[in-house]
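Notes follow the structure.
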Protein chains: 2
Amino acid sequence: MPQVPPSSREKILSVAEALFARRGYTGVGISTVAEASGLGKSSLFHHFPSKASLYCAVLLGVLARIESRVLPALEKSGTSEQKLGNVVDALIDALAEHPTSARLLLREVFEEPDPALSAAPEAAEIDARLAGMIDGVAAILEAGVASGQFRKVGIPDLLQTIIGATVYHFASGDFGEKLLGASLFSAAAVARRKREVKTLLSNGLMPEARRSVAEES
Amino acid sequence: MPQVPPSSREKILSVAEALFARRGYTGVGISTVAEASGLGKSSLFHHFPSKASLYCAVLLGVLARIESRVLPALEKSGTSEQKLGNVVDALIDALAEHPTSARLLLREVFEEPDPALSAAPEAAEIDARLAGMIDGVAAILEAGVASGQFRKVGIPDLLQTIIGATVYHFASGDFGEKLLGASLFSAAAVARRKREVKTLLSNGLMPEARRSVAEES
DNA sequence: ACCTTACCCGACCGATCGATCGGTCGACAA
DNA sequence: TTGTCGACCGATCGATCGGTCGGGTAAGGT
(Lines give C-alpha, C1' and ligand atoms only; values in the text may rest on other atoms or scores of the structure.)
Protein backbone atom coordinates (compact mmCIF):
# COMPACT_ATOMS: atom_id res chain seq x y z
CA MET A 1 0.00 0.00 0.00
CA PRO A 2 2.64 2.61 0.85
CA GLN A 3 3.44 4.83 -2.09
CA VAL A 4 6.71 6.60 -2.64
CA PRO A 5 5.05 9.97 -3.21
CA PRO A 6 2.83 10.50 -0.16
CA SER A 7 -0.80 10.24 -1.16
CA SER A 8 -3.09 13.20 -0.57
CA ARG A 9 -4.76 11.43 2.32
CA GLU A 10 -1.47 10.83 4.10
CA LYS A 11 -0.32 14.36 3.42
CA ILE A 12 -3.53 15.72 4.91
CA LEU A 13 -3.19 13.50 7.96
CA SER A 14 0.37 14.53 8.72
CA VAL A 15 -0.35 18.21 8.19
CA ALA A 16 -3.51 18.04 10.29
CA GLU A 17 -1.71 16.22 13.09
CA ALA A 18 0.88 18.98 13.37
CA LEU A 19 -1.74 21.72 13.31
CA PHE A 20 -4.15 20.06 15.75
CA ALA A 21 -1.29 19.30 18.11
CA ARG A 22 -0.26 22.95 18.26
CA ARG A 23 -3.56 24.80 18.17
CA GLY A 24 -6.20 22.31 19.19
CA TYR A 25 -9.35 21.12 17.51
CA THR A 26 -11.31 24.35 17.59
CA GLY A 27 -8.18 26.38 16.88
CA VAL A 28 -7.62 24.92 13.41
CA GLY A 29 -9.98 25.55 10.53
CA ILE A 30 -10.59 23.24 7.60
CA SER A 31 -9.32 25.85 5.18
CA THR A 32 -6.04 26.08 7.09
CA VAL A 33 -5.48 22.33 6.82
CA ALA A 34 -6.37 22.39 3.13
CA GLU A 35 -4.04 25.26 2.36
CA ALA A 36 -1.16 23.65 4.23
CA SER A 37 -1.82 20.41 2.34
CA GLY A 38 -1.74 22.15 -1.03
CA LEU A 39 -5.38 21.38 -1.70
CA GLY A 40 -8.64 23.24 -2.02
CA LYS A 41 -10.97 23.20 0.93
CA SER A 42 -13.61 21.08 -0.81
CA SER A 43 -11.00 18.48 -1.71
CA LEU A 44 -10.63 17.68 1.96
CA PHE A 45 -14.21 16.56 2.13
CA HIS A 46 -13.51 14.08 -0.63
CA HIS A 47 -11.11 12.23 1.68
CA PHE A 48 -12.84 12.83 5.02
CA PRO A 49 -16.57 13.24 5.53
CA SER A 50 -16.24 15.87 8.27
CA LYS A 51 -13.78 17.79 10.38
CA ALA A 52 -14.51 15.60 13.38
CA SER A 53 -13.81 12.50 11.30
CA LEU A 54 -10.50 13.95 10.16
CA TYR A 55 -9.47 14.66 13.73
CA CYS A 56 -10.46 11.16 14.81
CA ALA A 57 -8.46 9.66 11.94
CA VAL A 58 -5.42 11.63 13.07
CA LEU A 59 -5.89 10.49 16.65
CA LEU A 60 -6.40 6.86 15.66
CA GLY A 61 -3.15 7.00 13.71
CA VAL A 62 -1.35 8.29 16.77
CA LEU A 63 -2.89 5.58 18.93
CA ALA A 64 -1.94 2.92 16.40
CA ARG A 65 1.69 4.04 16.47
CA ILE A 66 1.73 3.96 20.25
CA GLU A 67 -0.04 0.61 20.40
CA SER A 68 2.47 -0.91 17.99
CA ARG A 69 5.08 -0.24 20.65
CA VAL A 70 3.15 -0.69 23.86
CA LEU A 71 1.03 -3.78 23.13
CA PRO A 72 4.04 -6.08 22.46
CA ALA A 73 5.60 -4.80 25.66
CA LEU A 74 2.40 -5.62 27.55
CA GLU A 75 2.58 -9.24 26.41
CA LYS A 76 6.20 -9.92 27.19
CA SER A 77 6.65 -12.05 30.28
CA GLY A 78 8.70 -11.36 33.35
CA THR A 79 8.28 -9.99 36.86
CA SER A 80 5.72 -7.27 37.35
CA GLU A 81 8.54 -4.77 37.74
CA GLN A 82 10.17 -5.88 34.49
CA LYS A 83 6.88 -5.78 32.61
CA LEU A 84 6.11 -2.30 33.90
CA GLY A 85 9.59 -1.19 32.92
CA ASN A 86 9.13 -2.53 29.40
CA VAL A 87 5.84 -0.68 28.99
CA VAL A 88 7.38 2.56 30.22
CA ASP A 89 10.28 2.17 27.80
CA ALA A 90 7.89 1.47 24.95
CA LEU A 91 5.73 4.47 25.76
CA ILE A 92 8.70 6.80 26.04
CA ASP A 93 10.18 5.50 22.78
CA ALA A 94 6.87 5.98 20.99
CA LEU A 95 6.49 9.53 22.25
CA ALA A 96 10.11 10.45 21.57
CA GLU A 97 9.83 9.12 18.04
CA HIS A 98 6.80 11.27 17.32
CA PRO A 99 6.72 14.33 19.59
CA THR A 100 3.50 15.73 18.14
CA SER A 101 1.76 12.56 19.24
CA ALA A 102 2.51 13.48 22.81
CA ARG A 103 0.85 16.86 22.41
CA LEU A 104 -2.22 15.36 20.85
CA LEU A 105 -2.42 12.70 23.53
CA LEU A 106 -2.00 15.21 26.33
CA ARG A 107 -4.80 17.28 24.88
CA GLU A 108 -7.04 14.27 24.51
CA VAL A 109 -6.59 13.28 28.13
CA PHE A 110 -6.97 16.53 30.01
CA GLU A 111 -9.15 18.60 27.70
CA GLU A 112 -12.92 18.54 27.59
CA PRO A 113 -13.75 17.22 24.12
CA ASP A 114 -15.71 19.28 21.67
CA PRO A 115 -19.36 18.18 21.48
CA ALA A 116 -18.94 17.48 17.76
CA LEU A 117 -16.04 15.18 18.60
CA SER A 118 -17.75 13.08 21.25
CA ALA A 119 -20.67 12.62 18.85
CA ALA A 120 -18.41 11.28 16.10
CA PRO A 121 -18.83 7.57 15.27
CA GLU A 122 -15.09 6.98 15.77
CA ALA A 123 -15.18 8.35 19.33
CA ALA A 124 -16.14 5.01 20.83
CA GLU A 125 -13.19 3.25 19.22
CA ILE A 126 -10.80 5.95 20.44
CA ASP A 127 -12.06 5.57 23.99
CA ALA A 128 -11.77 1.80 23.72
CA ARG A 129 -8.16 1.96 22.50
CA LEU A 130 -7.18 4.34 25.29
CA ALA A 131 -8.99 2.29 27.91
CA GLY A 132 -7.34 -0.87 26.58
CA MET A 133 -3.84 0.43 27.19
CA ILE A 134 -4.76 1.88 30.57
CA ASP A 135 -6.34 -1.42 31.61
CA GLY A 136 -3.22 -3.24 30.48
CA VAL A 137 -1.04 -1.16 32.76
CA ALA A 138 -3.55 -1.42 35.59
CA ALA A 139 -3.51 -5.21 35.24
CA ILE A 140 0.26 -5.25 35.69
CA LEU A 141 -0.03 -3.09 38.78
CA GLU A 142 -2.76 -5.27 40.28
CA ALA A 143 -0.85 -8.46 39.54
CA GLY A 144 2.20 -6.95 41.20
CA VAL A 145 0.20 -6.07 44.30
CA ALA A 146 -1.41 -9.51 44.41
CA SER A 147 1.96 -11.29 44.19
CA GLY A 148 3.49 -9.02 46.81
CA GLN A 149 6.05 -7.46 44.47
CA PHE A 150 4.32 -4.08 44.71
CA ARG A 151 2.96 -2.56 47.85
CA LYS A 152 -0.62 -1.34 47.75
CA VAL A 153 -0.45 2.21 46.62
CA GLY A 154 -2.57 4.94 45.17
CA ILE A 155 -2.61 3.69 41.62
CA PRO A 156 -4.35 6.76 40.24
CA ASP A 157 -1.69 9.04 41.67
CA LEU A 158 1.04 6.86 40.30
CA LEU A 159 -0.46 6.74 36.84
CA GLN A 160 -0.81 10.49 36.95
CA THR A 161 2.84 10.81 37.77
CA ILE A 162 3.97 8.49 35.02
CA ILE A 163 1.74 10.01 32.39
CA GLY A 164 2.47 13.51 33.57
CA ALA A 165 6.22 13.19 33.67
CA THR A 166 6.56 11.35 30.36
CA VAL A 167 3.88 12.83 28.19
CA TYR A 168 4.46 16.37 29.37
CA HIS A 169 8.17 15.97 28.85
CA PHE A 170 7.73 15.52 25.14
CA ALA A 171 4.57 17.56 24.73
CA SER A 172 6.36 20.73 25.78
CA GLY A 173 9.36 20.19 23.54
CA ASP A 174 9.32 23.62 21.99
CA PHE A 175 8.94 25.26 25.36
CA GLY A 176 11.86 23.33 26.76
CA GLU A 177 14.10 24.07 23.82
CA LYS A 178 13.28 27.72 23.42
CA LEU A 179 13.11 28.84 27.02
CA LEU A 180 15.59 26.47 28.60
CA GLY A 181 18.00 25.80 25.77
CA ALA A 182 18.30 22.04 25.45
CA SER A 183 16.89 19.29 23.28
CA LEU A 184 14.46 16.96 24.99
CA PHE A 185 14.58 14.49 22.14
CA SER A 186 18.25 13.53 22.13
CA ALA A 187 19.13 9.93 22.90
CA ALA A 188 20.71 11.00 26.17
CA ALA A 189 17.63 12.95 27.24
CA VAL A 190 15.36 10.03 26.41
CA ALA A 191 17.54 7.59 28.33
CA ARG A 192 17.62 9.94 31.31
CA ARG A 193 13.87 10.24 31.21
CA LYS A 194 13.51 6.47 31.31
CA ARG A 195 15.70 6.27 34.41
CA GLU A 196 13.79 9.08 36.11
CA VAL A 197 10.44 7.41 35.57
CA LYS A 198 11.74 4.07 36.81
CA THR A 199 13.19 5.70 39.89
CA LEU A 200 9.81 7.23 40.50
CA LEU A 201 8.19 3.84 40.11
CA SER A 202 10.61 2.16 42.51
CA ASN A 203 10.04 4.79 45.16
CA GLY A 204 6.29 4.53 44.75
CA LEU A 205 5.81 0.82 44.29
CA MET A 206 8.48 -1.18 46.07
CA PRO A 207 7.56 -2.48 49.53
CA GLU A 208 10.92 -1.57 51.01
CA ALA A 209 10.94 1.84 49.37
CA ARG A 210 13.67 3.86 50.95
CA ARG A 211 12.38 7.26 51.84
CA SER A 212 14.79 10.00 50.91
CA VAL A 213 12.48 12.73 52.15
CA ALA A 214 11.09 13.03 55.65
CA GLU A 215 7.50 11.87 55.93
CA GLU A 216 4.94 14.33 57.18
CA SER A 217 1.41 14.30 58.57
CA MET B 1 -13.20 47.21 47.70
CA PRO B 2 -14.53 43.65 48.02
CA GLN B 3 -18.30 43.57 47.87
CA VAL B 4 -20.46 40.93 49.45
CA PRO B 5 -22.35 40.29 46.21
CA PRO B 6 -19.70 39.50 43.60
CA SER B 7 -19.50 42.32 41.07
CA SER B 8 -20.29 41.56 37.45
CA ARG B 9 -16.63 41.80 36.54
CA GLU B 10 -15.61 39.22 39.12
CA LYS B 11 -18.46 36.96 38.12
CA ILE B 12 -17.37 37.14 34.49
CA LEU B 13 -13.76 36.41 35.42
CA SER B 14 -14.57 33.34 37.48
CA VAL B 15 -16.97 31.96 34.90
CA ALA B 16 -14.54 32.64 32.06
CA GLU B 17 -11.67 30.97 33.94
CA ALA B 18 -13.64 27.77 34.33
CA LEU B 19 -14.70 27.75 30.69
CA PHE B 20 -11.30 28.65 29.24
CA ALA B 21 -9.62 26.03 31.42
CA ARG B 22 -11.86 23.28 30.08
CA ARG B 23 -12.30 24.19 26.44
CA GLY B 24 -9.46 26.54 25.60
CA TYR B 25 -9.41 30.03 24.18
CA THR B 26 -10.79 29.26 20.74
CA GLY B 27 -13.19 26.71 22.18
CA VAL B 28 -15.19 29.23 24.20
CA GLY B 29 -17.30 31.93 22.57
CA ILE B 30 -18.15 35.31 24.02
CA SER B 31 -21.83 34.47 24.01
CA THR B 32 -21.16 31.37 26.09
CA VAL B 33 -19.32 33.36 28.74
CA ALA B 34 -22.05 35.99 28.74
CA GLU B 35 -24.83 33.48 29.10
CA ALA B 36 -23.05 31.67 31.93
CA SER B 37 -22.50 35.00 33.66
CA GLY B 38 -26.17 35.94 33.41
CA LEU B 39 -25.44 38.87 31.12
CA GLY B 40 -26.08 39.86 27.55
CA LYS B 41 -23.25 39.42 25.09
CA SER B 42 -22.73 43.11 24.56
CA SER B 43 -22.48 43.72 28.27
CA LEU B 44 -19.23 41.78 28.31
CA PHE B 45 -17.64 44.38 26.08
CA HIS B 46 -18.57 47.02 28.60
CA HIS B 47 -16.25 45.38 31.15
CA PHE B 48 -13.55 44.08 28.78
CA PRO B 49 -12.50 45.68 25.51
CA SER B 50 -12.01 42.38 23.68
CA LYS B 51 -12.07 38.63 24.07
CA ALA B 52 -8.27 38.53 24.16
CA SER B 53 -8.24 41.11 26.93
CA LEU B 54 -10.71 39.05 28.95
CA TYR B 55 -8.55 35.96 28.61
CA CYS B 56 -5.45 37.90 29.62
CA ALA B 57 -7.27 39.30 32.66
CA VAL B 58 -8.18 35.76 33.68
CA LEU B 59 -4.62 34.57 33.22
CA LEU B 60 -3.15 37.51 35.14
CA GLY B 61 -5.47 36.68 38.02
CA VAL B 62 -4.21 33.11 38.02
CA LEU B 63 -0.59 34.26 37.92
CA ALA B 64 -1.21 36.69 40.77
CA ARG B 65 -2.59 33.91 42.96
CA ILE B 66 0.40 31.72 42.21
CA GLU B 67 2.88 34.53 42.71
CA SER B 68 1.36 35.34 46.10
CA ARG B 69 2.49 31.89 47.17
CA VAL B 70 5.67 31.37 45.20
CA LEU B 71 7.37 34.77 45.50
CA PRO B 72 7.56 34.72 49.32
CA ALA B 73 8.98 31.21 49.10
CA LEU B 74 11.61 32.42 46.65
CA GLU B 75 12.82 35.04 49.13
CA LYS B 76 13.05 32.85 52.21
CA SER B 77 16.63 32.00 53.12
CA GLY B 78 18.19 28.60 53.64
CA THR B 79 20.20 26.05 51.75
CA SER B 80 19.53 25.69 48.05
CA GLU B 81 17.74 22.42 48.72
CA GLN B 82 15.54 24.00 51.36
CA LYS B 83 14.72 26.95 49.15
CA LEU B 84 13.84 24.70 46.25
CA GLY B 85 11.67 22.61 48.54
CA ASN B 86 9.83 25.69 49.74
CA VAL B 87 9.12 26.80 46.19
CA VAL B 88 7.84 23.37 45.23
CA ASP B 89 5.56 23.29 48.25
CA ALA B 90 4.26 26.75 47.44
CA LEU B 91 3.58 25.84 43.82
CA ILE B 92 1.81 22.63 44.73
CA ASP B 93 -0.27 24.40 47.36
CA ALA B 94 -1.25 27.12 44.91
CA LEU B 95 -2.30 24.60 42.28
CA ALA B 96 -4.12 22.37 44.72
CA GLU B 97 -6.04 25.35 46.06
CA HIS B 98 -7.23 26.33 42.60
CA PRO B 99 -7.24 23.33 40.24
CA THR B 100 -8.54 25.27 37.25
CA SER B 101 -5.43 27.44 37.47
CA ALA B 102 -3.34 24.39 36.73
CA ARG B 103 -5.27 23.66 33.56
CA LEU B 104 -4.96 27.23 32.38
CA LEU B 105 -1.26 27.30 33.18
CA LEU B 106 -0.61 23.99 31.46
CA ARG B 107 -2.35 25.28 28.38
CA GLU B 108 -0.39 28.51 28.46
CA VAL B 109 2.93 26.70 28.65
CA PHE B 110 2.62 23.98 26.02
CA GLU B 111 0.06 25.41 23.63
CA GLU B 112 0.80 27.70 20.73
CA PRO B 113 -0.98 30.95 21.59
CA ASP B 114 -3.69 32.31 19.36
CA PRO B 115 -2.41 35.17 17.17
CA ALA B 116 -4.99 37.50 18.69
CA LEU B 117 -3.64 36.62 22.12
CA SER B 118 0.03 37.27 21.43
CA ALA B 119 -0.93 40.61 19.89
CA ALA B 120 -2.79 41.68 23.03
CA PRO B 121 -1.19 44.50 25.04
CA GLU B 122 -1.23 42.38 28.21
CA ALA B 123 0.78 39.59 26.59
CA ALA B 124 4.10 41.18 27.47
CA GLU B 125 3.23 41.39 31.15
CA ILE B 126 2.08 37.78 31.20
CA ASP B 127 5.36 36.65 29.67
CA ALA B 128 7.29 38.78 32.13
CA ARG B 129 5.47 37.28 35.13
CA LEU B 130 6.06 33.75 33.91
CA ALA B 131 9.69 34.42 33.11
CA GLY B 132 10.14 36.03 36.51
CA MET B 133 9.12 32.90 38.37
CA ILE B 134 11.10 30.64 36.05
CA ASP B 135 14.18 32.80 36.50
CA GLY B 136 13.71 32.68 40.25
CA VAL B 137 13.80 28.89 40.24
CA ALA B 138 16.71 28.84 37.79
CA ALA B 139 18.65 31.15 40.09
CA ILE B 140 18.21 28.72 42.97
CA LEU B 141 19.43 25.86 40.81
CA GLU B 142 22.46 27.80 39.60
CA ALA B 143 23.35 28.91 43.10
CA GLY B 144 23.12 25.33 44.27
CA VAL B 145 25.44 24.17 41.50
CA ALA B 146 27.91 27.00 42.22
CA SER B 147 28.04 26.18 45.93
CA GLY B 148 28.43 22.47 45.26
CA GLN B 149 25.14 21.47 46.86
CA PHE B 150 23.72 20.41 43.50
CA ARG B 151 25.57 18.50 40.86
CA LYS B 152 25.54 19.95 37.38
CA VAL B 153 22.50 18.48 35.72
CA GLY B 154 20.22 19.00 32.79
CA ILE B 155 18.19 21.76 34.31
CA PRO B 156 15.66 21.84 31.45
CA ASP B 157 14.91 18.16 31.91
CA LEU B 158 14.54 18.56 35.60
CA LEU B 159 12.23 21.54 35.27
CA GLN B 160 10.17 19.57 32.77
CA THR B 161 9.82 16.79 35.27
CA ILE B 162 8.80 19.08 38.10
CA ILE B 163 6.36 21.07 36.02
CA GLY B 164 5.05 17.97 34.32
CA ALA B 165 4.47 15.95 37.44
CA THR B 166 2.93 18.75 39.50
CA VAL B 167 0.95 20.74 36.99
CA TYR B 168 -0.32 17.69 35.16
CA HIS B 169 -1.31 16.11 38.45
CA PHE B 170 -3.85 18.83 39.10
CA ALA B 171 -4.67 19.71 35.51
CA SER B 172 -6.07 16.25 34.87
CA GLY B 173 -8.12 16.13 38.03
CA ASP B 174 -11.34 15.13 36.34
CA PHE B 175 -9.60 12.44 34.36
CA GLY B 176 -8.08 11.02 37.48
CA GLU B 177 -11.31 11.07 39.41
CA LYS B 178 -13.59 9.76 36.70
CA LEU B 179 -11.40 7.09 35.12
CA LEU B 180 -9.34 6.02 38.10
CA GLY B 181 -11.66 6.67 41.00
CA ALA B 182 -9.73 8.78 43.48
CA SER B 183 -9.48 12.40 44.46
CA LEU B 184 -6.27 14.17 43.54
CA PHE B 185 -7.07 17.15 45.74
CA SER B 186 -7.29 15.52 49.13
CA ALA B 187 -4.75 16.61 51.73
CA ALA B 188 -3.15 13.17 51.62
CA ALA B 189 -2.80 13.24 47.83
CA VAL B 190 -1.23 16.70 47.94
CA ALA B 191 1.22 15.67 50.65
CA ARG B 192 2.16 12.55 48.69
CA ARG B 193 2.71 14.63 45.60
CA LYS B 194 5.08 16.92 47.51
CA ARG B 195 7.13 13.94 48.64
CA GLU B 196 7.25 12.49 45.14
CA VAL B 197 8.53 15.69 43.63
CA LYS B 198 11.16 16.08 46.33
CA THR B 199 12.30 12.52 45.83
CA LEU B 200 12.62 13.27 42.16
CA LEU B 201 14.64 16.37 42.96
CA SER B 202 16.97 14.51 45.29
CA ASN B 203 17.62 11.82 42.74
CA GLY B 204 18.25 14.38 40.03
CA LEU B 205 20.18 17.03 41.93
CA MET B 206 22.16 15.51 44.76
CA PRO B 207 25.84 14.78 44.03
CA GLU B 208 25.69 11.43 45.82
CA ALA B 209 22.43 10.46 44.15
CA ARG B 210 21.89 6.80 44.77
CA ARG B 211 20.83 5.06 41.65
CA SER B 212 18.02 2.62 42.18
CA VAL B 213 17.82 1.70 38.50
CA ALA B 214 20.67 0.27 36.49
CA GLU B 215 22.37 2.82 34.27
CA GLU B 216 22.43 2.13 30.56
CA SER B 217 24.31 3.27 27.44
C1' DA C 1 -15.56 5.56 -29.04
C1' DC C 2 -17.93 5.69 -24.45
C1' DC C 3 -18.59 5.28 -19.51
C1' DT C 4 -16.91 4.98 -14.94
C1' DT C 5 -14.16 6.24 -11.19
C1' DA C 6 -11.09 9.08 -8.54
C1' DC C 7 -9.66 13.43 -7.62
C1' DC C 8 -9.89 18.26 -7.43
C1' DC C 9 -11.73 22.96 -7.74
C1' DG C 10 -14.51 27.62 -7.38
C1' DA C 11 -18.72 29.23 -5.84
C1' DC C 12 -21.89 29.16 -2.55
C1' DC C 13 -24.88 28.09 1.81
C1' DG C 14 -26.57 28.79 6.70
C1' DA C 15 -24.66 29.33 11.11
C1' DT C 16 -21.75 31.36 14.27
C1' DC C 17 -17.78 34.14 15.36
C1' DG C 18 -16.01 38.66 17.68
C1' DA C 19 -17.29 43.21 17.82
C1' DT C 20 -20.22 47.64 17.28
C1' DC C 21 -24.22 50.21 17.15
C1' DG C 22 -27.99 53.02 19.13
C1' DG C 23 -30.63 53.14 22.90
C1' DT C 24 -32.98 51.92 27.75
C1' DC C 25 -32.83 51.89 32.62
C1' DG C 26 -31.94 53.39 37.46
C1' DA C 27 -28.89 56.01 40.61
C1' DC C 28 -27.27 60.31 41.88
C1' DA C 29 -26.34 65.41 41.80
C1' DA C 30 -27.51 70.10 40.91
C1' DT D 1 -36.64 68.81 36.70
C1' DT D 2 -32.92 68.26 34.30
C1' DG D 3 -28.35 66.34 33.24
C1' DT D 4 -24.97 62.87 33.67
C1' DC D 5 -23.21 58.63 34.47
C1' DG D 6 -22.33 53.47 34.47
C1' DA D 7 -24.54 49.18 33.53
C1' DC D 8 -26.97 46.78 30.44
C1' DC D 9 -29.51 45.16 26.28
C1' DG D 10 -31.33 43.88 21.29
C1' DA D 11 -30.17 44.28 16.71
C1' DT D 12 -26.81 44.10 13.56
C1' DC D 13 -22.26 44.29 11.28
C1' DG D 14 -18.43 41.92 8.38
C1' DA D 15 -15.72 37.89 8.64
C1' DT D 16 -15.13 33.21 9.15
C1' DC D 17 -16.77 28.72 10.33
C1' DG D 18 -17.95 23.73 8.66
C1' DG D 19 -20.06 21.85 4.85
C1' DT D 20 -22.47 21.36 0.03
C1' DC D 21 -22.97 21.65 -4.87
C1' DG D 22 -22.03 21.16 -9.74
C1' DG D 23 -18.72 21.09 -12.86
C1' DG D 24 -14.05 19.94 -14.57
C1' DT D 25 -9.96 16.80 -15.63
C1' DA D 26 -7.21 12.74 -16.22
C1' DA D 27 -6.86 7.57 -16.08
C1' DG D 28 -8.63 3.03 -17.04
C1' DG D 29 -11.82 -0.50 -18.58
C1' DT D 30 -14.74 -2.15 -22.20
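Note on naming: chains are A, B, ... as they come in the C-alpha coordinates, residues start from 1 per chain, ligands start from 1 in the order shown.
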
**OP:** Please determine the contact residues of chain D with respect to chain A at a cut-off of 8 Å, counting only C-alpha atoms (C1' of nucleotides), and supply them as a count of residues only.
**Re:** 3

**OP:** Would you kindly return, as a list in words, each protein, DNA or RNA residue with an atom no farther than 10 Å from any atom of Met133 (chain A), considering only C-alpha atoms (C1' of nucleotides) and excluding same-chain residues fewer than 3 positions away?
**Re:** Leu63, Ile66, Glu67, Val70, Leu71, Leu74, Val87, Ala128, Arg129, Leu130, Gly136, Val137, Ala138 and Ala139 of chain A

**OP:** Fewer than 3 positions away in the same chain doesn't count, so skip those; otherwise give me all residues within 12 Å of region 3-20 of chain C, counting only C-alpha atoms (C1' of nucleotides), as a ChimeraX atom specification.
**Re:** /A:7-9,26,34,38-47 /B:26-32,41-46,48-52,116 /D:11-30

Subject >> For Glu17 (chain B): contacts at 10 Å, only C-alpha atoms (C1' of nucleotides), fewer than 3 positions along chain excluded, given as a list in words >> reply: Lys11, Ile12, Leu13, Ser14, Phe20, Ala21, Arg22, Gly24, Val33, Leu54, Tyr55, Ala57, Val58, Leu59, Gly61, Val62, Thr100, Ser101, Arg103 and Leu104 of chain B

Original post:
Near region 190-195 of chain B, counting only C-alpha atoms (C1' of nucleotides), which residues have an atom at most 7 Å away, once you skip same-chain residues fewer than 4 positions from it, shown as a list of chain:residue names?
Top reply: A:Val213, B:Asp89, B:Phe185, B:Ser186, B:Thr199

Subject >> Members of chain B assigned alpha helix (DSSP H) by DSSP, as a VMD selection string >> reply: chain B and resid 8 to 23 30 to 37 41 to 47 51 to 75 80 to 97 99 to 110 115 to 118 123 to 146 155 to 171 173 to 180 187 to 205

Subject >> Counting only C-alpha atoms, the residue of B:Ser37, B:Gln82, B:Ser147, B:Ser68 that sits nearest chain A >> reply: B:Gln82
